[in-house]
$ cat target-v6.pdb   # PDB, C-alpha atoms, pLDDT in the B column
ATOM      1  CA  MET A   1      -7.931  -4.845 -13.212  1.00 36.00           C
ATOM      2  CA  ASN A   2      -8.722  -6.557  -9.908  1.00 42.00           C
ATOM      3  CA  ASP A   3     -11.784  -6.714  -7.674  1.00 47.00           C
ATOM      4  CA  HIS A   4     -10.681  -3.650  -5.739  1.00 52.00           C
ATOM      5  CA  ALA A   5      -9.922  -1.479  -8.760  1.00 54.00           C
ATOM      6  CA  PRO A   6     -12.409   1.062 -10.116  1.00 56.00           C
ATOM      7  CA  VAL A   7     -15.029  -0.787 -12.145  1.00 46.00           C
ATOM      8  CA  ASP A   8     -15.856   1.635 -14.947  1.00 54.00           C
ATOM      9  CA  ASP A   9     -13.936   3.630 -17.503  1.00 54.00           C
ATOM     10  CA  ALA A  10     -15.024   6.902 -15.881  1.00 58.00           C
ATOM     11  CA  ALA A  11     -12.709   6.083 -12.980  1.00 61.00           C
ATOM     12  CA  TYR A  12      -9.797   6.514 -15.384  1.00 84.00           C
ATOM     13  CA  GLU A  13     -10.913   9.833 -16.843  1.00 92.00           C
ATOM     14  CA  PRO A  14      -8.262  12.445 -16.038  1.00 96.00           C
ATOM     15  CA  VAL A  15      -9.300  14.943 -13.389  1.00 96.00           C
ATOM     16  CA  VAL A  16      -8.134  18.558 -13.453  1.00 98.00           C
ATOM     17  CA  LEU A  17      -6.875  19.929 -10.144  1.00 98.00           C
ATOM     18  CA  HIS A  18      -5.871  23.455  -9.113  1.00 97.00           C
ATOM     19  CA  VAL A  19      -3.271  24.527  -6.575  1.00 96.00           C
ATOM     20  CA  GLY A  20      -3.487  28.258  -6.103  1.00 93.00           C
ATOM     21  CA  PRO A  21      -3.216  29.795  -9.578  1.00 95.00           C
ATOM     22  CA  TYR A  22      -1.652  26.677 -11.099  1.00 97.00           C
ATOM     23  CA  ARG A  23      -3.551  24.118 -13.140  1.00 98.00           C
ATOM     24  CA  MET A  24      -2.823  20.380 -12.987  1.00 98.00           C
ATOM     25  CA  ASP A  25      -4.017  18.555 -16.104  1.00 98.00           C
ATOM     26  CA  THR A  26      -2.759  16.188 -18.808  1.00 97.00           C
ATOM     27  CA  PRO A  27      -0.141  16.992 -21.441  1.00 97.00           C
ATOM     28  CA  ALA A  28      -0.860  17.525 -25.125  1.00 97.00           C
ATOM     29  CA  ASP A  29       1.252  17.351 -28.287  1.00 97.00           C
ATOM     30  CA  SER A  30       1.499  21.148 -28.183  1.00 97.00           C
ATOM     31  CA  ASP A  31       3.532  20.819 -24.955  1.00 98.00           C
ATOM     32  CA  LEU A  32       6.396  19.056 -26.719  1.00 97.00           C
ATOM     33  CA  ALA A  33       8.866  21.976 -26.525  1.00 97.00           C
ATOM     34  CA  ASP A  34       8.253  22.415 -22.774  1.00 97.00           C
ATOM     35  CA  ILE A  35       8.822  18.709 -22.117  1.00 97.00           C
ATOM     36  CA  VAL A  36      11.988  18.586 -24.213  1.00 96.00           C
ATOM     37  CA  ALA A  37      13.347  21.613 -22.310  1.00 96.00           C
ATOM     38  CA  ALA A  38      12.496  19.999 -18.973  1.00 96.00           C
ATOM     39  CA  PHE A  39      14.189  16.723 -19.881  1.00 95.00           C
ATOM     40  CA  ARG A  40      17.335  18.664 -20.803  1.00 95.00           C
ATOM     41  CA  ASP A  41      17.552  20.156 -17.304  1.00 96.00           C
ATOM     42  CA  PRO A  42      20.492  18.467 -15.524  1.00 94.00           C
ATOM     43  CA  ASP A  43      18.598  17.867 -12.264  1.00 94.00           C
ATOM     44  CA  ILE A  44      15.615  16.298 -14.008  1.00 95.00           C
ATOM     45  CA  ALA A  45      17.919  14.215 -16.215  1.00 93.00           C
ATOM     46  CA  VAL A  46      19.741  12.785 -13.188  1.00 94.00           C
ATOM     47  CA  TRP A  47      16.916  12.314 -10.689  1.00 94.00           C
ATOM     48  CA  ASN A  48      14.103  11.358 -13.104  1.00 89.00           C
ATOM     49  CA  PRO A  49      15.641   8.945 -15.601  1.00 79.00           C
ATOM     50  CA  PRO A  50      13.372   7.283 -18.172  1.00 74.00           C
ATOM     51  CA  GLY A  51      14.196   3.696 -17.237  1.00 68.00           C
ATOM     52  CA  GLY A  52      14.570   0.946 -19.803  1.00 64.00           C
ATOM     53  CA  THR A  53      16.681   1.457 -22.909  1.00 65.00           C
ATOM     54  CA  PRO A  54      18.177   4.972 -22.990  1.00 74.00           C
ATOM     55  CA  ILE A  55      16.822   7.124 -25.800  1.00 82.00           C
ATOM     56  CA  GLY A  56      17.349  10.726 -26.809  1.00 89.00           C
ATOM     57  CA  VAL A  57      15.307  13.561 -25.342  1.00 92.00           C
ATOM     58  CA  GLU A  58      13.582  14.369 -28.648  1.00 92.00           C
ATOM     59  CA  GLU A  59      12.491  10.742 -29.011  1.00 93.00           C
ATOM     60  CA  ARG A  60      11.527  10.328 -25.375  1.00 92.00           C
ATOM     61  CA  ALA A  61       9.385  13.460 -24.998  1.00 95.00           C
ATOM     62  CA  PRO A  62       6.498  12.517 -27.355  1.00 96.00           C
ATOM     63  CA  LEU A  63       6.383   9.010 -25.869  1.00 94.00           C
ATOM     64  CA  TRP A  64       6.205  10.533 -22.385  1.00 95.00           C
ATOM     65  CA  ILE A  65       3.360  12.848 -23.440  1.00 96.00           C
ATOM     66  CA  ALA A  66       1.411   9.940 -24.935  1.00 95.00           C
ATOM     67  CA  SER A  67       1.865   7.820 -21.811  1.00 94.00           C
ATOM     68  CA  ARG A  68       0.752  10.629 -19.463  1.00 95.00           C
ATOM     69  CA  ALA A  69      -2.152  11.908 -21.576  1.00 95.00           C
ATOM     70  CA  THR A  70      -4.432   9.092 -20.451  1.00 94.00           C
ATOM     71  CA  TRP A  71      -4.973   7.390 -17.119  1.00 96.00           C
ATOM     72  CA  ASP A  72      -5.385   3.691 -16.455  1.00 95.00           C
ATOM     73  CA  GLU A  73      -5.411   1.223 -13.584  1.00 94.00           C
ATOM     74  CA  HIS A  74      -1.653   1.704 -13.145  1.00 95.00           C
ATOM     75  CA  HIS A  75      -1.251   5.480 -12.943  1.00 95.00           C
ATOM     76  CA  ALA A  76      -2.795   8.929 -12.682  1.00 97.00           C
ATOM     77  CA  SER A  77      -0.545  11.741 -13.873  1.00 97.00           C
ATOM     78  CA  TRP A  78      -0.680  15.514 -14.125  1.00 98.00           C
ATOM     79  CA  VAL A  79       1.469  18.206 -15.670  1.00 98.00           C
ATOM     80  CA  VAL A  80       1.582  21.532 -13.867  1.00 98.00           C
ATOM     81  CA  ARG A  81       0.955  24.692 -15.853  1.00 98.00           C
ATOM     82  CA  ASP A  82       2.336  28.116 -15.070  1.00 97.00           C
ATOM     83  CA  HIS A  83       0.256  31.295 -15.413  1.00 93.00           C
ATOM     84  CA  ASP A  84       0.894  31.348 -19.179  1.00 96.00           C
ATOM     85  CA  GLY A  85      -0.072  27.701 -19.701  1.00 97.00           C
ATOM     86  CA  SER A  86       3.481  26.426 -20.111  1.00 97.00           C
ATOM     87  CA  ILE A  87       4.543  23.288 -18.249  1.00 98.00           C
ATOM     88  CA  ILE A  88       6.685  23.803 -15.176  1.00 97.00           C
ATOM     89  CA  GLY A  89       6.333  20.428 -13.502  1.00 98.00           C
ATOM     90  CA  GLN A  90       4.601  17.103 -13.208  1.00 98.00           C
ATOM     91  CA  VAL A  91       3.365  14.747 -10.513  1.00 98.00           C
ATOM     92  CA  SER A  92       2.132  11.196 -10.858  1.00 98.00           C
ATOM     93  CA  LEU A  93       0.604   8.431  -8.798  1.00 98.00           C
ATOM     94  CA  HIS A  94       1.937   5.133 -10.078  1.00 97.00           C
ATOM     95  CA  GLN A  95       2.226   1.492  -9.075  1.00 97.00           C
ATOM     96  CA  LEU A  96      -1.450   1.743  -8.141  1.00 97.00           C
ATOM     97  CA  ASP A  97      -2.405  -1.364  -6.138  1.00 97.00           C
ATOM     98  CA  PHE A  98      -6.128  -1.386  -5.380  1.00 96.00           C
ATOM     99  CA  VAL A  99      -5.884  -4.660  -3.439  1.00 96.00           C
ATOM    100  CA  ASN A 100      -3.408  -3.369  -0.870  1.00 98.00           C
ATOM    101  CA  GLU A 101      -4.524   0.255  -1.299  1.00 98.00           C
ATOM    102  CA  THR A 102      -0.992   1.466  -1.964  1.00 98.00           C
ATOM    103  CA  CYS A 103       0.805   3.502  -4.597  1.00 98.00           C
ATOM    104  CA  GLU A 104       3.890   5.624  -5.174  1.00 98.00           C
ATOM    105  CA  VAL A 105       4.135   9.324  -5.911  1.00 98.00           C
ATOM    106  CA  GLY A 106       6.760  10.901  -8.159  1.00 97.00           C
ATOM    107  CA  TYR A 107       7.358  14.438  -9.409  1.00 97.00           C
ATOM    108  CA  TRP A 108       9.721  16.895 -11.009  1.00 97.00           C
ATOM    109  CA  LEU A 109       9.854  20.656 -11.411  1.00 97.00           C
ATOM    110  CA  ALA A 110      11.427  22.621 -14.229  1.00 97.00           C
ATOM    111  CA  PRO A 111      13.857  25.335 -13.075  1.00 96.00           C
ATOM    112  CA  ARG A 112      11.194  28.074 -13.493  1.00 95.00           C
ATOM    113  CA  GLY A 113       8.911  26.236 -11.073  1.00 95.00           C
ATOM    114  CA  ARG A 114      11.369  25.828  -8.228  1.00 96.00           C
ATOM    115  CA  GLY A 115      11.463  27.887  -5.057  1.00 94.00           C
ATOM    116  CA  ARG A 116       7.803  28.923  -5.283  1.00 95.00           C
ATOM    117  CA  GLY A 117       6.173  26.268  -3.087  1.00 96.00           C
ATOM    118  CA  ILE A 118       4.705  24.575  -6.148  1.00 97.00           C
ATOM    119  CA  GLY A 119       6.329  21.184  -5.570  1.00 97.00           C
ATOM    120  CA  THR A 120       4.924  20.866  -2.079  1.00 97.00           C
ATOM    121  CA  ALA A 121       1.483  21.987  -3.237  1.00 98.00           C
ATOM    122  CA  ILE A 122       1.251  19.543  -6.150  1.00 98.00           C
ATOM    123  CA  VAL A 123       2.488  16.557  -4.140  1.00 98.00           C
ATOM    124  CA  ASP A 124      -0.020  17.404  -1.419  1.00 98.00           C
ATOM    125  CA  ALA A 125      -2.830  17.713  -3.996  1.00 98.00           C
ATOM    126  CA  ALA A 126      -1.930  14.357  -5.577  1.00 98.00           C
ATOM    127  CA  THR A 127      -1.708  12.769  -2.125  1.00 98.00           C
ATOM    128  CA  ARG A 128      -5.162  13.982  -1.134  1.00 98.00           C
ATOM    129  CA  PHE A 129      -6.548  12.758  -4.471  1.00 98.00           C
ATOM    130  CA  ALA A 130      -5.037   9.314  -3.871  1.00 98.00           C
ATOM    131  CA  PHE A 131      -6.592   9.066  -0.414  1.00 98.00           C
ATOM    132  CA  ASP A 132      -9.953  10.692  -1.112  1.00 97.00           C
ATOM    133  CA  GLU A 133     -10.706   9.628  -4.694  1.00 96.00           C
ATOM    134  CA  LEU A 134      -8.699   6.455  -5.288  1.00 96.00           C
ATOM    135  CA  GLY A 135      -9.142   4.989  -1.829  1.00 97.00           C
ATOM    136  CA  MET A 136      -5.442   4.502  -1.141  1.00 98.00           C
ATOM    137  CA  PHE A 137      -4.263   3.896   2.415  1.00 98.00           C
ATOM    138  CA  ARG A 138      -0.467   4.139   2.031  1.00 98.00           C
ATOM    139  CA  ILE A 139       1.571   6.190  -0.435  1.00 98.00           C
ATOM    140  CA  GLU A 140       5.298   5.709  -0.805  1.00 98.00           C
ATOM    141  CA  LEU A 141       7.848   8.252  -2.028  1.00 98.00           C
ATOM    142  CA  PHE A 142      11.385   7.270  -3.027  1.00 98.00           C
ATOM    143  CA  HIS A 143      14.271   9.599  -3.807  1.00 97.00           C
ATOM    144  CA  ALA A 144      18.033   9.237  -4.126  1.00 97.00           C
ATOM    145  CA  VAL A 145      19.743   9.954  -0.819  1.00 98.00           C
ATOM    146  CA  GLU A 146      21.749  12.724  -2.490  1.00 97.00           C
ATOM    147  CA  ASN A 147      18.592  14.506  -3.630  1.00 96.00           C
ATOM    148  CA  GLU A 148      18.196  16.615  -0.524  1.00 96.00           C
ATOM    149  CA  ALA A 149      15.563  18.912  -2.050  1.00 95.00           C
ATOM    150  CA  SER A 150      13.230  15.937  -2.551  1.00 97.00           C
ATOM    151  CA  CYS A 151      13.858  14.840   1.022  1.00 97.00           C
ATOM    152  CA  ARG A 152      12.819  18.246   2.356  1.00 97.00           C
ATOM    153  CA  LEU A 153       9.736  18.267   0.136  1.00 97.00           C
ATOM    154  CA  ALA A 154       8.700  14.785   1.286  1.00 98.00           C
ATOM    155  CA  LEU A 155       8.943  15.772   4.941  1.00 98.00           C
ATOM    156  CA  ARG A 156       6.983  19.008   4.376  1.00 97.00           C
ATOM    157  CA  CYS A 157       4.231  16.936   2.757  1.00 98.00           C
ATOM    158  CA  GLY A 158       3.957  14.653   5.789  1.00 98.00           C
ATOM    159  CA  TYR A 159       5.856  11.706   4.322  1.00 98.00           C
ATOM    160  CA  ALA A 160       7.735  10.115   7.217  1.00 98.00           C
ATOM    161  CA  HIS A 161      11.250   8.855   6.553  1.00 98.00           C
ATOM    162  CA  GLU A 162      11.060   5.094   7.085  1.00 98.00           C
ATOM    163  CA  GLY A 163      14.516   3.940   6.047  1.00 98.00           C
ATOM    164  CA  THR A 164      17.096   3.571   3.315  1.00 98.00           C
ATOM    165  CA  ALA A 165      16.830   1.147   0.421  1.00 97.00           C
ATOM    166  CA  ARG A 166      20.413   0.275  -0.480  1.00 98.00           C
ATOM    167  CA  GLN A 167      21.538   0.541  -4.119  1.00 97.00           C
ATOM    168  CA  SER A 168      17.894   0.290  -5.131  1.00 96.00           C
ATOM    169  CA  TYR A 169      17.641   2.305  -8.348  1.00 94.00           C
ATOM    170  CA  THR A 170      19.803   3.259 -11.318  1.00 93.00           C
ATOM    171  CA  TYR A 171      19.564   7.002 -11.900  1.00 94.00           C
ATOM    172  CA  GLY A 172      20.395   9.181 -14.874  1.00 91.00           C
ATOM    173  CA  ASP A 173      24.122   9.115 -14.119  1.00 92.00           C
ATOM    174  CA  GLY A 174      24.102   5.366 -14.779  1.00 91.00           C
ATOM    175  CA  ARG A 175      24.931   4.509 -11.156  1.00 94.00           C
ATOM    176  CA  ARG A 176      22.880   2.611  -8.610  1.00 96.00           C
ATOM    177  CA  HIS A 177      21.960   4.896  -5.699  1.00 97.00           C
ATOM    178  CA  ASP A 178      20.724   4.343  -2.186  1.00 98.00           C
ATOM    179  CA  GLU A 179      17.215   5.730  -1.802  1.00 98.00           C
ATOM    180  CA  HIS A 180      15.292   7.124   1.117  1.00 98.00           C
ATOM    181  CA  LEU A 181      11.877   5.578   1.549  1.00 98.00           C
ATOM    182  CA  HIS A 182       9.209   7.955   2.815  1.00 98.00           C
ATOM    183  CA  ALA A 183       5.555   7.079   3.287  1.00 98.00           C
ATOM    184  CA  ARG A 184       2.315   8.674   4.330  1.00 98.00           C
ATOM    185  CA  LEU A 185      -0.773   6.885   5.621  1.00 98.00           C
ATOM    186  CA  ARG A 186      -4.355   8.007   5.259  1.00 98.00           C
ATOM    187  CA  THR A 187      -4.507   8.064   9.081  1.00 98.00           C
ATOM    188  CA  ASP A 188      -1.487  10.365   9.442  1.00 98.00           C
ATOM    189  CA  PRO A 189      -2.158  13.982  10.350  1.00 96.00           C
ATOM    190  CA  SER A 190      -2.409  16.304   7.365  1.00 94.00           C
ATOM    191  CA  PRO A 191       0.420  18.844   7.188  1.00 96.00           C
ATOM    192  CA  ARG A 192      -0.193  22.554   6.833  1.00 95.00           C
ATOM    193  CA  ILE A 193       0.866  23.414   3.296  1.00 94.00           C
ATOM    194  CA  ALA A 194       1.604  27.021   2.420  1.00 90.00           C
ATOM    195  CA  PRO A 195      -0.035  28.178  -0.820  1.00 91.00           C
ATOM    196  CA  PRO A 196       2.317  28.386  -3.808  1.00 95.00           C
ATOM    197  CA  VAL A 197       3.403  31.774  -5.132  1.00 90.00           C
TER
END
$ encode --input "target-v6.pdb" --output "structure tokens"
Amino acid sequence: MNDHAPVDDAAYEPVVLHVGPYRMDTPADSDLADIVAAFRDPDIAVWNPPGGTPIGVEERAPLWIASRATWDEHHASWVVRDHDGSIIGQVSLHQLDFVNETCEVGYWLAPRGRGRGIGTAIVDAATRFAFDELGMFRIELFHAVENEASCRLALRCGYAHEGTARQSYTYGDGRRHDEHLHARLRTDPSPRIAPPV
């Protein structure tokens, strides 16, 4: 922790957020089946690889739940729950840098959560939390150039396209991909976000 980071443990207590009827909170062991199903989705598998040594979905899922169930000076993460409490997505603020007041945002949506405006709503909620509660000034969003849905979402959420990082990340297909870099500043105008359905 540095001089600009939150100074007490309460700063790392997970905070529940709501976007329309959807709840953003932390995962629990009881969510294991939902996480395994999400990780088996081809789009999530390609565009949200685990990084590090590849492991099977069944082995990865409980580790992912444990890592997202608590917050620390490096990340704040939420799962997104559908009306029935099942997990349909996640969003996280990571690479938290309290000196430079910067971080990155990442997200995925399970197939049941797509096309309902949920992705835009959760990224916007996490963005506002980063600015208003964590004191961030700049938030970056990276996605593979081929992931056009993420590009559209980033632009809807007010993340300006700043350039292309060449061959910058190895994705779930095992290949290095060019990535678009988007960013939003605290001083940028806030976009109008339609409520999710």
$ resolve_selection --input "target-v6.pdb" --expression "the PyMOL selection byres ((chain A and resi 27) around 8)" --output "ChimeraX atom specification"
/A:25-26,28-29,31,65,68-69,78-79
$ residues_around --input "target-v6.pdb" --residues "range 181-185 of chain A" --least-positions-apart "3" --cutoff "6 Å" --atoms "all atoms listed in the file" --output "number ranges by chain"
A: 137-142, 159-164, 188
$ resolve_selection --input "target-v6.pdb" --expression "the PyMOL selection byres ((chain A and resi 153) around 10)" --output "list in words"
Gly117, Gly119, Thr120, Ala121, Val123, Asp124, Glu148, Ala149, Ser150, Cys151, Arg152, Ala154, Leu155, Arg156, Cys157, Gly158 and Tyr159 of chain A
$ resolve_selection --input "target-v6.pdb" --expression "the PyMOL selection byres ((chain A and resi 48) around 10)" --output "list of chain:residue names"
A:Phe39, A:Pro42, A:Asp43, A:Ile44, A:Ala45, A:Val46, A:Trp47, A:Pro49, A:Pro50, A:Gly51, A:Gly106, A:Tyr107, A:Trp108, A:His143, A:Tyr171, A:Gly172
$ closest_residue --input "target-v6.pdb" --among "A:Pro189, A:Gly20, A:Gly135, A:Gly85" --to "Ile118 in chain A" --atoms "only C-alpha atoms"
A:Gly20
$ closest_residue --input "target-v6.pdb" --among "A:Pro54, A:Pro14, A:Pro191, A:Pro21" --to "Thr127 in chain A" --atoms "only C-alpha atoms"
A:Pro191
$ closest_residue --input "target-v6.pdb" --among "A:Cys103, A:Pro62, A:Leu17, A:Val57" --to "Leu32 in chain A" --atoms "only C-alpha atoms"
A:Pro62
$ residues_around --input "target-v6.pdb" --residues "Ser168 in chain A" --least-positions-apart "5" --cutoff "8 Å" --atoms "only C-alpha atoms" --output "list in words"
Arg176, His177, Asp178 and Glu179 of chain A
$ atom_distance --input "target-v6.pdb" --atom1 "CA of Tyr22 in chain A" --atom2 "CA of Gln90 in chain A"
11.6 Å
$ atom_distance --input "target-v6.pdb" --atom1 "CA of Pro196 in chain A" --atom2 "CA of Ala61 in chain A"
26.9 Å
$ atom_distance --input "target-v6.pdb" --atom1 "CA of Arg116 in chain A" --atom2 "CA of Arg192 in chain A"
15.9 Å
$ axis_aligned_box --input "target-v6.pdb" --around "range 102-121 of chain A" --padding-each-side "8 Å" --output "AutoDock Vina command-line options"
--center_x 6.4 --center_y 15.2 --center_z -8.1 --size_x 30.8 --size_y 43.5 --size_z 28.3
$ closest_residue --input "target-v6.pdb" --among "A:Met136, A:Ala194, A:Val15, A:Ile35" --to "Val99 in chain A" --atoms "all atoms listed in the file"
A:Met136
$ closest_residue --input "target-v6.pdb" --among "A:Phe131, A:Trp64, A:Phe98, A:Trp71" --to "Arg186 in chain A" --atoms "all atoms listed in the file"
A:Phe131
$ closest_residue --input "target-v6.pdb" --among "A:Asp97, A:Asp34, A:Glu58, A:Asp132" --to "Arg112 in chain A" --atoms "all atoms listed in the file"
A:Asp34
$ decode --input "target-v6.pdb" --residues "range 33-99 of chain A" --atoms "C-alpha atoms" --output "PDB file, in the first residue's frame"
ATOM      1  CA  ALA A  33     -21.772 -24.021 -11.300  1.00  0.00           C
ATOM      2  CA  ASP A  34     -22.563 -20.587 -12.789  1.00  0.00           C
ATOM      3  CA  ILE A  35     -18.868 -19.708 -13.051  1.00  0.00           C
ATOM      4  CA  VAL A  36     -17.947 -23.045 -14.616  1.00  0.00           C
ATOM      5  CA  ALA A  37     -20.729 -22.584 -17.201  1.00  0.00           C
ATOM      6  CA  ALA A  38     -19.542 -19.053 -17.967  1.00  0.00           C
ATOM      7  CA  PHE A  39     -15.931 -20.136 -18.431  1.00  0.00           C
ATOM      8  CA  ARG A  40     -17.100 -22.796 -20.896  1.00  0.00           C
ATOM      9  CA  ASP A  41     -18.725 -20.157 -23.114  1.00  0.00           C
ATOM     10  CA  PRO A  42     -16.564 -19.820 -26.257  1.00  0.00           C
ATOM     11  CA  ASP A  43     -16.583 -16.002 -26.257  1.00  0.00           C
ATOM     12  CA  ILE A  44     -15.577 -15.760 -22.606  1.00  0.00           C
ATOM     13  CA  ALA A  45     -12.921 -18.448 -23.092  1.00  0.00           C
ATOM     14  CA  VAL A  46     -11.327 -16.535 -25.978  1.00  0.00           C
ATOM     15  CA  TRP A  47     -11.621 -12.927 -24.820  1.00  0.00           C
ATOM     16  CA  ASN A  48     -11.136 -13.441 -21.057  1.00  0.00           C
ATOM     17  CA  PRO A  49      -8.302 -15.943 -20.698  1.00  0.00           C
ATOM     18  CA  PRO A  50      -7.003 -16.745 -17.207  1.00  0.00           C
ATOM     19  CA  GLY A  51      -3.388 -15.775 -17.845  1.00  0.00           C
ATOM     20  CA  GLY A  52      -0.468 -17.705 -16.418  1.00  0.00           C
ATOM     21  CA  THR A  53      -0.327 -21.485 -16.667  1.00  0.00           C
ATOM     22  CA  PRO A  54      -3.433 -22.863 -18.415  1.00  0.00           C
ATOM     23  CA  ILE A  55      -5.645 -24.939 -16.143  1.00  0.00           C
ATOM     24  CA  GLY A  56      -8.984 -26.644 -16.607  1.00  0.00           C
ATOM     25  CA  VAL A  57     -12.272 -24.839 -16.072  1.00  0.00           C
ATOM     26  CA  GLU A  58     -13.222 -26.938 -13.031  1.00  0.00           C
ATOM     27  CA  GLU A  59      -9.894 -26.121 -11.378  1.00  0.00           C
ATOM     28  CA  ARG A  60      -9.919 -22.472 -12.384  1.00  0.00           C
ATOM     29  CA  ALA A  61     -13.451 -21.597 -11.245  1.00  0.00           C
ATOM     30  CA  PRO A  62     -12.999 -22.027  -7.452  1.00  0.00           C
ATOM     31  CA  LEU A  63      -9.694 -20.133  -7.596  1.00  0.00           C
ATOM     32  CA  TRP A  64     -11.434 -17.319  -9.478  1.00  0.00           C
ATOM     33  CA  ILE A  65     -14.229 -17.184  -6.883  1.00  0.00           C
ATOM     34  CA  ALA A  66     -11.714 -17.025  -4.031  1.00  0.00           C
ATOM     35  CA  SER A  67      -9.744 -14.240  -5.710  1.00  0.00           C
ATOM     36  CA  ARG A  68     -12.864 -12.139  -6.410  1.00  0.00           C
ATOM     37  CA  ALA A  69     -14.597 -12.712  -3.063  1.00  0.00           C
ATOM     38  CA  THR A  70     -12.404 -10.167  -1.300  1.00  0.00           C
ATOM     39  CA  TRP A  71     -11.064  -6.780  -2.311  1.00  0.00           C
ATOM     40  CA  ASP A  72      -7.586  -5.410  -1.751  1.00  0.00           C
ATOM     41  CA  GLU A  73      -5.361  -2.547  -2.844  1.00  0.00           C
ATOM     42  CA  HIS A  74      -5.061  -4.111  -6.309  1.00  0.00           C
ATOM     43  CA  HIS A  75      -8.671  -4.749  -7.320  1.00  0.00           C
ATOM     44  CA  ALA A  76     -12.377  -4.320  -6.673  1.00  0.00           C
ATOM     45  CA  SER A  77     -14.569  -6.905  -8.376  1.00  0.00           C
ATOM     46  CA  TRP A  78     -18.262  -7.664  -8.699  1.00  0.00           C
ATOM     47  CA  VAL A  79     -20.337 -10.483 -10.115  1.00  0.00           C
ATOM     48  CA  VAL A  80     -23.667  -9.538 -11.644  1.00  0.00           C
ATOM     49  CA  ARG A  81     -26.759 -11.434 -10.564  1.00  0.00           C
ATOM     50  CA  ASP A  82     -29.855 -12.003 -12.647  1.00  0.00           C
ATOM     51  CA  HIS A  83     -33.375 -11.781 -11.195  1.00  0.00           C
ATOM     52  CA  ASP A  84     -33.058 -15.320  -9.792  1.00  0.00           C
ATOM     53  CA  GLY A  85     -29.674 -14.697  -8.160  1.00  0.00           C
ATOM     54  CA  SER A  86     -27.652 -16.600 -10.750  1.00  0.00           C
ATOM     55  CA  ILE A  87     -24.481 -15.029 -12.136  1.00  0.00           C
ATOM     56  CA  ILE A  88     -24.720 -13.549 -15.608  1.00  0.00           C
ATOM     57  CA  GLY A  89     -21.606 -11.400 -15.669  1.00  0.00           C
ATOM     58  CA  GLN A  90     -18.748  -9.753 -13.862  1.00  0.00           C
ATOM     59  CA  VAL A  91     -16.880  -6.460 -13.860  1.00  0.00           C
ATOM     60  CA  SER A  92     -13.657  -5.569 -12.109  1.00  0.00           C
ATOM     61  CA  LEU A  93     -11.411  -2.606 -11.471  1.00  0.00           C
ATOM     62  CA  HIS A  94      -7.832  -3.826 -11.435  1.00  0.00           C
ATOM     63  CA  GLN A  95      -4.283  -2.524 -11.650  1.00  0.00           C
ATOM     64  CA  LEU A  96      -5.364   0.053  -9.074  1.00  0.00           C
ATOM     65  CA  ASP A  97      -2.661   2.739  -8.839  1.00  0.00           C
ATOM     66  CA  PHE A  98      -3.476   5.233  -6.091  1.00  0.00           C
ATOM     67  CA  VAL A  99      -0.351   7.299  -6.808  1.00  0.00           C
TER      68      VAL A  99
END
